[in-house]
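K.L.:
Next comes final-v1.cif, mmCIF, C-alpha atoms:
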data_model
loop_
_atom_site.label_atom_id
_atom_site.label_comp_id
_atom_site.auth_asym_id
_atom_site.auth_seq_id
_atom_site.Cartn_x
_atom_site.Cartn_y
_atom_site.Cartn_z
CA MET F 126 -31.65 36.47 -212.74
CA PRO F 127 -29.64 39.64 -212.14
CA LEU F 128 -27.26 40.73 -214.87
CA PRO F 129 -24.72 42.96 -213.10
CA PHE F 130 -22.78 43.73 -216.27
CA LEU F 131 -25.81 45.59 -217.61
CA THR F 132 -26.02 47.91 -214.60
CA ALA F 133 -22.32 48.48 -213.99
CA ASP F 134 -22.08 51.69 -216.02
CA HIS F 135 -21.41 53.69 -212.87
CA ALA F 136 -18.47 51.41 -212.04
CA VAL F 137 -16.88 52.05 -215.45
CA ASP F 138 -17.37 55.81 -215.07
CA ALA F 139 -15.83 55.70 -211.60
CA ALA F 140 -12.87 53.72 -212.94
CA ASP F 141 -12.29 56.36 -215.63
CA ASP F 142 -11.86 59.02 -212.95
CA VAL F 143 -8.83 57.19 -211.55
CA ALA F 144 -6.03 58.57 -213.66
CA LEU F 145 -3.03 56.84 -212.15
CA PRO F 146 -3.51 53.27 -210.92
CA SER F 147 -0.60 53.26 -208.48
CA ASP F 148 1.01 55.59 -206.00
CA ASP F 149 4.54 54.87 -207.25
CA ARG F 150 5.45 58.33 -208.57
CA GLU F 151 8.89 57.21 -209.80
CA ARG F 152 7.52 55.08 -212.64
CA TRP F 153 6.42 56.47 -216.00
CA ARG F 154 2.63 56.47 -216.23
CA ARG F 155 0.18 57.39 -218.95
CA PRO F 156 -2.46 59.52 -217.17
CA TYR F 157 -5.22 58.25 -219.47
CA ARG F 158 -6.34 55.09 -221.21
CA PRO F 159 -5.56 54.48 -224.88
CA GLY F 160 -8.51 55.43 -227.02
CA PRO F 161 -10.68 53.09 -229.08
CA TRP F 162 -9.24 54.35 -232.37
CA ARG F 163 -5.69 53.57 -231.27
CA VAL F 164 -6.63 50.14 -229.94
CA GLY F 165 -8.70 49.35 -233.05
CA ILE F 166 -5.91 50.31 -235.43
CA ALA F 167 -3.42 48.24 -233.42
CA ALA F 168 -5.80 45.28 -233.50
CA LEU F 169 -6.07 45.52 -237.28
CA VAL F 170 -2.28 45.70 -237.58
CA LEU F 171 -1.99 42.59 -235.37
CA LEU F 172 -4.54 40.84 -237.59
CA LEU F 173 -2.34 41.67 -240.57
CA ALA F 174 0.66 40.29 -238.65
CA SER F 175 -1.16 37.02 -238.06
CA PHE F 176 -1.71 36.61 -241.80
CA VAL F 177 1.93 37.40 -242.51
CA LEU F 178 3.08 34.86 -239.90
CA LEU F 179 0.67 32.27 -241.31
CA SER F 180 2.16 32.86 -244.74
CA ALA F 181 5.62 32.35 -243.20
CA VAL F 182 4.54 28.96 -241.85
CA VAL F 183 2.99 27.91 -245.17
CA THR F 184 6.08 29.06 -247.05
CA ALA F 185 8.33 27.17 -244.63
CA LEU F 186 6.27 23.98 -245.07
CA THR F 187 6.56 24.19 -248.84
CA GLY F 188 10.33 24.34 -248.63
CA GLY F 189 11.19 28.02 -249.14
CA ALA F 190 13.34 28.64 -246.09
CA SER F 191 14.70 32.01 -247.17
CA ALA F 192 11.24 33.32 -248.15
CA ALA F 193 9.81 32.00 -244.87
CA THR F 194 12.52 33.82 -242.95
CA VAL F 195 11.70 37.07 -244.75
CA CYS F 196 7.96 36.61 -244.04
CA PHE F 197 8.69 35.84 -240.40
CA ALA F 198 10.88 38.96 -240.08
CA VAL F 199 8.18 41.11 -241.70
CA GLY F 200 5.61 39.65 -239.29
CA LEU F 201 7.79 40.53 -236.30
CA ILE F 202 8.27 44.07 -237.62
CA VAL F 203 4.50 44.46 -238.01
CA ILE F 204 3.98 43.22 -234.43
CA GLY F 205 6.58 45.73 -233.23
CA CYS F 206 4.72 48.50 -235.07
CA ALA F 207 1.45 47.52 -233.40
CA LEU F 208 3.07 47.58 -229.97
CA ARG F 209 4.63 50.97 -230.68
CA LEU F 210 1.20 52.27 -231.75
CA LEU F 211 -0.19 51.23 -228.37
CA ARG F 212 2.71 52.87 -226.53
CA MET F 213 2.32 56.26 -228.25
CA GLY F 214 1.11 59.16 -226.14
CA VAL F 215 2.12 61.28 -223.17
CA TRP F 216 3.72 59.68 -220.13
CA VAL F 217 4.42 61.48 -216.86
CA GLY F 218 6.75 60.67 -214.00
CA ALA F 219 8.66 62.29 -211.19
CA ARG F 220 11.54 63.09 -213.56
CA GLY F 221 9.53 64.78 -216.30
CA LEU F 222 7.15 64.43 -219.19
CA ARG F 223 7.74 61.94 -222.00
CA HIS F 224 6.06 62.42 -225.40
CA VAL F 225 6.18 59.11 -227.26
CA ARG F 226 5.55 59.26 -231.01
CA PHE F 227 5.85 56.46 -233.53
CA LEU F 228 9.53 56.95 -234.35
CA VAL F 229 10.68 59.52 -231.77
CA THR F 230 10.46 59.76 -227.99
CA ARG F 231 11.21 63.10 -226.38
CA THR F 232 11.63 63.49 -222.63
CA THR F 233 11.49 66.90 -220.97
CA GLY F 234 12.50 67.34 -217.35
CA TRP F 235 10.11 69.27 -215.14
CA ALA F 236 12.79 71.94 -214.58
CA ASP F 237 12.73 72.69 -218.34
CA VAL F 238 8.93 73.10 -218.49
CA SER F 239 7.74 76.68 -218.64
CA TRP F 240 4.02 75.86 -218.78
CA VAL F 241 1.50 73.23 -219.90
CA ARG F 242 -1.92 74.48 -221.06
CA THR F 243 -4.95 73.59 -223.07
CA VAL F 244 -5.44 75.89 -226.06
CA GLN F 245 -8.03 76.20 -228.80
CA GLN F 246 -6.38 75.79 -232.21
CA PRO F 247 -6.57 73.88 -235.49
CA VAL F 248 -5.54 70.27 -234.84
CA ARG F 249 -4.92 67.29 -237.09
CA TRP F 250 -7.70 64.75 -237.40
CA LEU F 251 -6.24 61.32 -236.42
CA GLY F 252 -2.78 62.62 -237.31
CA LEU F 253 -3.69 63.07 -240.98
CA PRO F 254 -3.00 66.31 -242.90
CA ARG F 255 -6.65 67.38 -242.58
CA THR F 256 -7.09 69.93 -239.77
CA VAL F 257 -10.19 70.75 -237.78
CA GLN F 258 -10.86 73.18 -234.95
CA GLY F 259 -10.21 71.56 -231.59
CA GLN F 260 -8.35 71.72 -228.32
CA ALA F 261 -4.72 70.80 -227.79
CA LEU F 262 -2.55 70.32 -224.74
CA VAL F 263 0.64 72.27 -225.42
CA LEU F 264 3.95 72.12 -223.56
CA ASN F 265 6.24 75.15 -223.63
CA ARG F 266 9.88 74.57 -222.78
CA ARG F 267 11.99 77.31 -221.23
CA GLY F 268 13.54 79.51 -223.92
CA GLN F 269 11.16 78.28 -226.63
CA SER F 270 8.59 80.43 -228.39
CA PRO F 271 4.97 79.39 -227.71
CA GLN F 272 4.16 79.15 -231.44
CA SER F 273 6.73 76.41 -232.04
CA ALA F 274 5.33 74.04 -229.42
CA PRO F 275 3.80 70.90 -230.98
CA PRO F 276 0.67 69.63 -229.24
CA LEU F 277 1.03 66.75 -226.80
CA LEU F 278 -2.63 65.71 -226.92
CA THR F 279 -5.55 66.85 -229.06
CA THR F 280 -9.29 66.31 -229.02
CA HIS F 281 -9.05 64.71 -232.47
CA ASP F 282 -6.17 62.27 -232.05
CA ALA F 283 -6.51 58.48 -231.83
CA ASP F 284 -6.94 58.56 -228.06
CA PHE F 285 -9.62 61.23 -227.72
CA LEU F 286 -11.65 61.40 -230.95
CA GLY F 287 -15.24 61.64 -229.74
CA ARG F 288 -14.19 61.49 -226.06
CA PHE F 289 -14.04 65.13 -225.00
CA ALA F 290 -14.52 64.39 -221.28
CA ALA F 291 -11.58 61.95 -221.37
CA PHE F 292 -9.45 64.64 -223.05
CA ASP F 293 -10.34 67.13 -220.32
CA ARG F 294 -9.44 64.62 -217.57
CA ALA F 295 -6.13 63.72 -219.25
CA ALA F 296 -5.20 67.36 -219.89
CA ASP F 297 -6.06 68.30 -216.30
CA SER F 298 -3.97 65.39 -215.03
CA VAL F 299 -0.90 66.35 -217.09
CA GLU F 300 -1.30 70.00 -216.07
CA ALA F 301 -1.51 68.94 -212.41
CA TRP F 302 1.68 66.88 -212.75
CA ALA F 303 3.40 69.88 -214.31
CA GLU F 304 2.28 72.24 -211.55
CA GLU F 305 3.27 69.79 -208.83
CA HIS F 306 6.75 69.00 -210.17
CA ARG F 307 7.76 72.20 -211.96
CA GLY F 308 8.77 74.04 -208.80
CA ARG F 309 11.12 71.29 -207.60
#
Can you give me the file's structure in the form of structure tokens?

P.N.:
Amino acid sequence: MPLPFLTADHAVDAADDVALPSDDRERWRRPYRPGPWRVGIAALVLLLASFVLLSAVVTALTGGASAATVCFAVGLIVIGCALRLLRMGVWVGARGLRHVRFLVTRTTGWADVSWVRTVQQPVRWLGLPRTVQGQALVLNRRGQSPQSAPPLLTTHDADFLGRFAAFDRAADSVEAWAEEHRGR
């Protein structure tokens, strides 16, 4: 009995090489897949949300309507946080580059981009204060000093920790988008 899922490693590797799934250049696209750390953390946050929502149902059944409403609202906020965690990253489109962080989204038009490069520098490990030596994709806006540019992607963030080849593909893809659209 053939088990094709055991021999399909080449299909997964080939699928990873496809950065953008569609040819519609007007839509915002993330040129890489979310990493396992980001997906795992979001899954744990959603698990926490399920417990909070279950407590809202139990509280509502016992007659505490105001406490159930508060639990339900907290559950919805936790679900929103999990979805925002999954949305974080770098998105590219015909209009520019969008850097989505947890609380802030910053969009830079291609006309304002001076350069996008991969540099070797100390980077934060999973966004925590601890820094390690790694690579970072840095965007420099016109009229901005290169030292003040925060990294867009790093080899040690939640998308690329332990996935150096995926970081290289994503950085190359963002750099290619910048080169293609910067002159327009």

K.L.:
Quick check, in Å to one decimal: how far apart do CA of Val241 in chain F and CA of Leu264 in chain F lie?

P.N.:
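CA of Leu264 in chain F lies at a distance of 4.5 Å from CA of Val241 in chain F.
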
K.L.:
Please, what distance in Å, to one decimal, runs between CA of Ser298 in chain F and CA of Arg158 in chain F?

P.N.:
12.2 Å

K.L.:
Do you have the CA of Ala185 in chain F-CA of Val203 in chain F distance handy?

P.N.:
18.9 Å

K.L.:
From the set F:Pro161, F:Thr256, F:Arg226, F:Val182, which residue has the shortest atom-to-atom contact distance to Arg288 in chain F, counting all atoms listed in the file?

P.N.:
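Using all atoms listed in the file, the shortest distance to Arg288 in chain F belongs to F:Pro161.
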
K.L.:
Within 12 Å of (3.4, 47.9, -230.9) in the file's own coordinates, which protein, DNA or RNA residues have an atom, counting all atoms listed in the file? List them as a list in words.

P.N.:
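All residues meeting the 12 Å criterion around (3.4, 47.9, -230.9) are Arg163, Val164, Ile166, Ala167, Ala168, Leu169, Val170, Leu171, Ala174, Gly200, Leu201, Ile202, Val203, Ile204, Gly205, Cys206, Ala207, Leu208, Arg209, Leu210, Leu211, Arg212, Met213, Arg226, Phe227 and Leu228 of chain F.
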
K.L.:
Kindly indicate which residue among F:Pro247, F:Gly218, F:Pro276, F:Gly160 lies nearest to Ala296 in chain F, using only C-alpha atoms for the distances.

P.N.:
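For Ala296 in chain F, the nearest of the given residues is F:Pro276.
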
K.L.:
As a check of understanding, name the residues that the PyMOL selection byres ((chain F and resi 277) around 8) selects in the supplied structure, as a list in words.

P.N.:
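So the PyMOL selection byres ((chain F and resi 277) around 8), applied here, picks out Gly214, Val215, His224, Ala261, Leu262, Val263, Leu264, Pro275, Pro276, Leu278 and Thr279 of chain F.
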
K.L.:
Please dump the current selection as a tab-separated table (two decimals), keeping the file's coordinate frame; keep C-alpha atoms.

P.N.:
chain	number	residue	atom	x	y	z
F	214	GLY	CA	1.11	59.16	-226.14
F	215	VAL	CA	2.12	61.28	-223.17
F	224	HIS	CA	6.06	62.42	-225.40
F	261	ALA	CA	-4.72	70.80	-227.79
F	262	LEU	CA	-2.55	70.32	-224.74
F	263	VAL	CA	0.64	72.27	-225.42
F	264	LEU	CA	3.95	72.12	-223.56
F	275	PRO	CA	3.80	70.90	-230.98
F	276	PRO	CA	0.67	69.63	-229.24
F	278	LEU	CA	-2.63	65.71	-226.92
F	279	THR	CA	-5.55	66.85	-229.06

K.L.:
Need to verify the contact set: Trp302 in chain F, 9 Å, all atoms listed in the file, exclusion of same-chain residues closer than 2 positions in sequence. Can you return it as a ChimeraX atom specification?

P.N.:
/F:217-219,221-222,297-300,304-307

K.L.:
Report the centre and edge lengths, in Å to one decimal, of an axis-aligned box enclosing every atom of range 243-246 of chain F listed in the file, padded by 8 Å on each side, as AutoDock Vina command-line options.

P.N.:
--center_x -6.5 --center_y 74.9 --center_z -227.6 --size_x 19.1 --size_y 18.6 --size_z 25.1

K.L.:
Would you list the contacts of Asn265 in chain F as a ChimeraX atom specification, taking every protein, DNA or RNA residue within 12 Å and counting all atoms listed in the file, but skipping same-chain residues closer than 2 positions in sequence?

P.N.:
/F:222,233-244,262-263,267-277,300,303

K.L.:
Can you list, as a PyMOL selection string, every protein, DNA or RNA residue that comes within 8 Å of range 193-197 of chain F when you count only C-alpha atoms, leaving out same-chain residues fewer than 2 positions away?

P.N.:
chain F and resi 177-178+180-185+189-191+199-201

K.L.:
Keeping C-alpha atoms for every residue in the selection just given, could you write it to a file as a PDB file, in the frame of the given file?

P.N.:
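What follows is the written file part_15.pdb:
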ATOM      1  CA  VAL F 177       1.930  37.400-242.510  1.00  0.00           C
ATOM      2  CA  LEU F 178       3.080  34.860-239.900  1.00  0.00           C
ATOM      3  CA  SER F 180       2.160  32.860-244.740  1.00  0.00           C
ATOM      4  CA  ALA F 181       5.620  32.350-243.200  1.00  0.00           C
ATOM      5  CA  VAL F 182       4.540  28.960-241.850  1.00  0.00           C
ATOM      6  CA  VAL F 183       2.990  27.910-245.170  1.00  0.00           C
ATOM      7  CA  THR F 184       6.080  29.060-247.050  1.00  0.00           C
ATOM      8  CA  ALA F 185       8.330  27.170-244.630  1.00  0.00           C
ATOM      9  CA  GLY F 189      11.190  28.020-249.140  1.00  0.00           C
ATOM     10  CA  ALA F 190      13.340  28.640-246.090  1.00  0.00           C
ATOM     11  CA  SER F 191      14.700  32.010-247.170  1.00  0.00           C
ATOM     12  CA  VAL F 199       8.180  41.110-241.700  1.00  0.00           C
ATOM     13  CA  GLY F 200       5.610  39.650-239.290  1.00  0.00           C
ATOM     14  CA  LEU F 201       7.790  40.530-236.300  1.00  0.00           C
TER      15      LEU F 201
END

K.L.:
When distances are computed from all atoms listed in the file, which of F:Leu173, F:Gly165, F:Tyr157, F:Val229 shows the smallest separation from Phe292 in chain F?

P.N.:
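Of the candidates, the smallest distance to Phe292 in chain F is held by F:Tyr157.
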
K.L.:
Can you give me all heavy atoms for range 245-256 of chain F, written as a short mmCIF file (atom, residue, chain, number, x, y, z; two decimals), keeping the file's coordinate frame?

P.N.:
data_model
loop_
_atom_site.label_atom_id
_atom_site.label_comp_id
_atom_site.auth_asym_id
_atom_site.auth_seq_id
_atom_site.Cartn_x
_atom_site.Cartn_y
_atom_site.Cartn_z
N GLN F 245 -7.15 76.42 -227.65
CA GLN F 245 -8.03 76.20 -228.80
C GLN F 245 -7.25 76.53 -230.06
O GLN F 245 -6.74 77.64 -230.20
CB GLN F 245 -9.26 77.12 -228.67
CG GLN F 245 -10.34 76.85 -229.66
CD GLN F 245 -11.22 75.70 -229.25
OE1 GLN F 245 -11.26 75.31 -228.10
NE2 GLN F 245 -11.93 75.15 -230.20
N GLN F 246 -7.14 75.58 -230.98
CA GLN F 246 -6.38 75.79 -232.21
C GLN F 246 -6.75 74.74 -233.24
O GLN F 246 -7.40 73.75 -232.90
CB GLN F 246 -4.88 75.72 -231.92
CG GLN F 246 -4.38 74.33 -231.56
CD GLN F 246 -2.89 74.32 -231.27
OE1 GLN F 246 -2.32 75.31 -230.84
NE2 GLN F 246 -2.26 73.19 -231.50
N PRO F 247 -6.37 74.94 -234.50
CA PRO F 247 -6.57 73.88 -235.49
C PRO F 247 -5.68 72.68 -235.16
O PRO F 247 -4.50 72.85 -234.86
CB PRO F 247 -6.15 74.52 -236.81
CG PRO F 247 -6.18 75.98 -236.57
CD PRO F 247 -5.89 76.18 -235.12
N VAL F 248 -6.27 71.50 -235.16
CA VAL F 248 -5.54 70.27 -234.84
C VAL F 248 -5.74 69.26 -235.96
O VAL F 248 -6.71 69.32 -236.70
CB VAL F 248 -5.99 69.68 -233.49
CG1 VAL F 248 -5.66 70.61 -232.35
CG2 VAL F 248 -7.46 69.34 -233.50
N ARG F 249 -4.81 68.33 -236.07
CA ARG F 249 -4.92 67.29 -237.09
C ARG F 249 -5.94 66.24 -236.66
O ARG F 249 -5.99 65.85 -235.51
CB ARG F 249 -3.57 66.61 -237.31
CG ARG F 249 -2.59 67.51 -237.96
CD ARG F 249 -1.31 66.78 -238.16
NE ARG F 249 -0.43 67.58 -238.99
CZ ARG F 249 0.43 67.07 -239.84
NH1 ARG F 249 0.55 65.78 -239.96
NH2 ARG F 249 1.18 67.86 -240.55
N TRP F 250 -6.70 65.78 -237.64
CA TRP F 250 -7.70 64.75 -237.40
C TRP F 250 -7.02 63.40 -237.56
O TRP F 250 -6.57 63.04 -238.64
CB TRP F 250 -8.86 64.93 -238.38
CG TRP F 250 -9.99 63.99 -238.17
CD1 TRP F 250 -10.94 64.07 -237.21
CD2 TRP F 250 -10.27 62.83 -238.94
NE1 TRP F 250 -11.82 63.03 -237.34
CE2 TRP F 250 -11.42 62.25 -238.40
CE3 TRP F 250 -9.67 62.22 -240.03
CZ2 TRP F 250 -11.98 61.09 -238.91
CZ3 TRP F 250 -10.23 61.08 -240.54
CH2 TRP F 250 -11.37 60.52 -239.98
N LEU F 251 -6.90 62.63 -236.46
CA LEU F 251 -6.24 61.32 -236.42
C LEU F 251 -4.82 61.37 -236.98
O LEU F 251 -4.33 60.40 -237.55
CB LEU F 251 -7.06 60.27 -237.16
CG LEU F 251 -8.36 59.85 -236.49
CD1 LEU F 251 -9.11 58.85 -237.37
CD2 LEU F 251 -8.10 59.24 -235.14
N GLY F 252 -4.14 62.50 -236.85
CA GLY F 252 -2.78 62.62 -237.31
C GLY F 252 -2.63 62.80 -238.81
O GLY F 252 -1.53 62.86 -239.32
N LEU F 253 -3.73 62.89 -239.53
CA LEU F 253 -3.69 63.07 -240.98
C LEU F 253 -3.52 64.56 -241.31
O LEU F 253 -3.69 65.42 -240.44
CB LEU F 253 -4.99 62.53 -241.59
CG LEU F 253 -5.22 61.03 -241.37
CD1 LEU F 253 -6.61 60.63 -241.83
CD2 LEU F 253 -4.17 60.21 -242.08
N PRO F 254 -3.21 64.89 -242.54
CA PRO F 254 -3.00 66.31 -242.90
C PRO F 254 -4.24 67.18 -242.74
O PRO F 254 -4.12 68.39 -242.60
CB PRO F 254 -2.57 66.25 -244.36
CG PRO F 254 -2.04 64.89 -244.56
CD PRO F 254 -2.80 64.00 -243.63
N ARG F 255 -5.43 66.60 -242.73
CA ARG F 255 -6.65 67.38 -242.58
C ARG F 255 -6.72 67.98 -241.17
O ARG F 255 -6.54 67.28 -240.18
CB ARG F 255 -7.86 66.49 -242.81
CG ARG F 255 -9.16 67.20 -242.59
CD ARG F 255 -10.32 66.28 -242.83
NE ARG F 255 -11.54 66.99 -242.52
CZ ARG F 255 -12.56 66.43 -241.90
NH1 ARG F 255 -12.50 65.17 -241.56
NH2 ARG F 255 -13.62 67.13 -241.65
N THR F 256 -6.98 69.29 -241.09
CA THR F 256 -7.09 69.93 -239.77
C THR F 256 -8.52 70.36 -239.51
O THR F 256 -9.27 70.70 -240.42
CB THR F 256 -6.17 71.16 -239.66
OG1 THR F 256 -6.53 72.10 -240.66
CG2 THR F 256 -4.71 70.78 -239.80
#
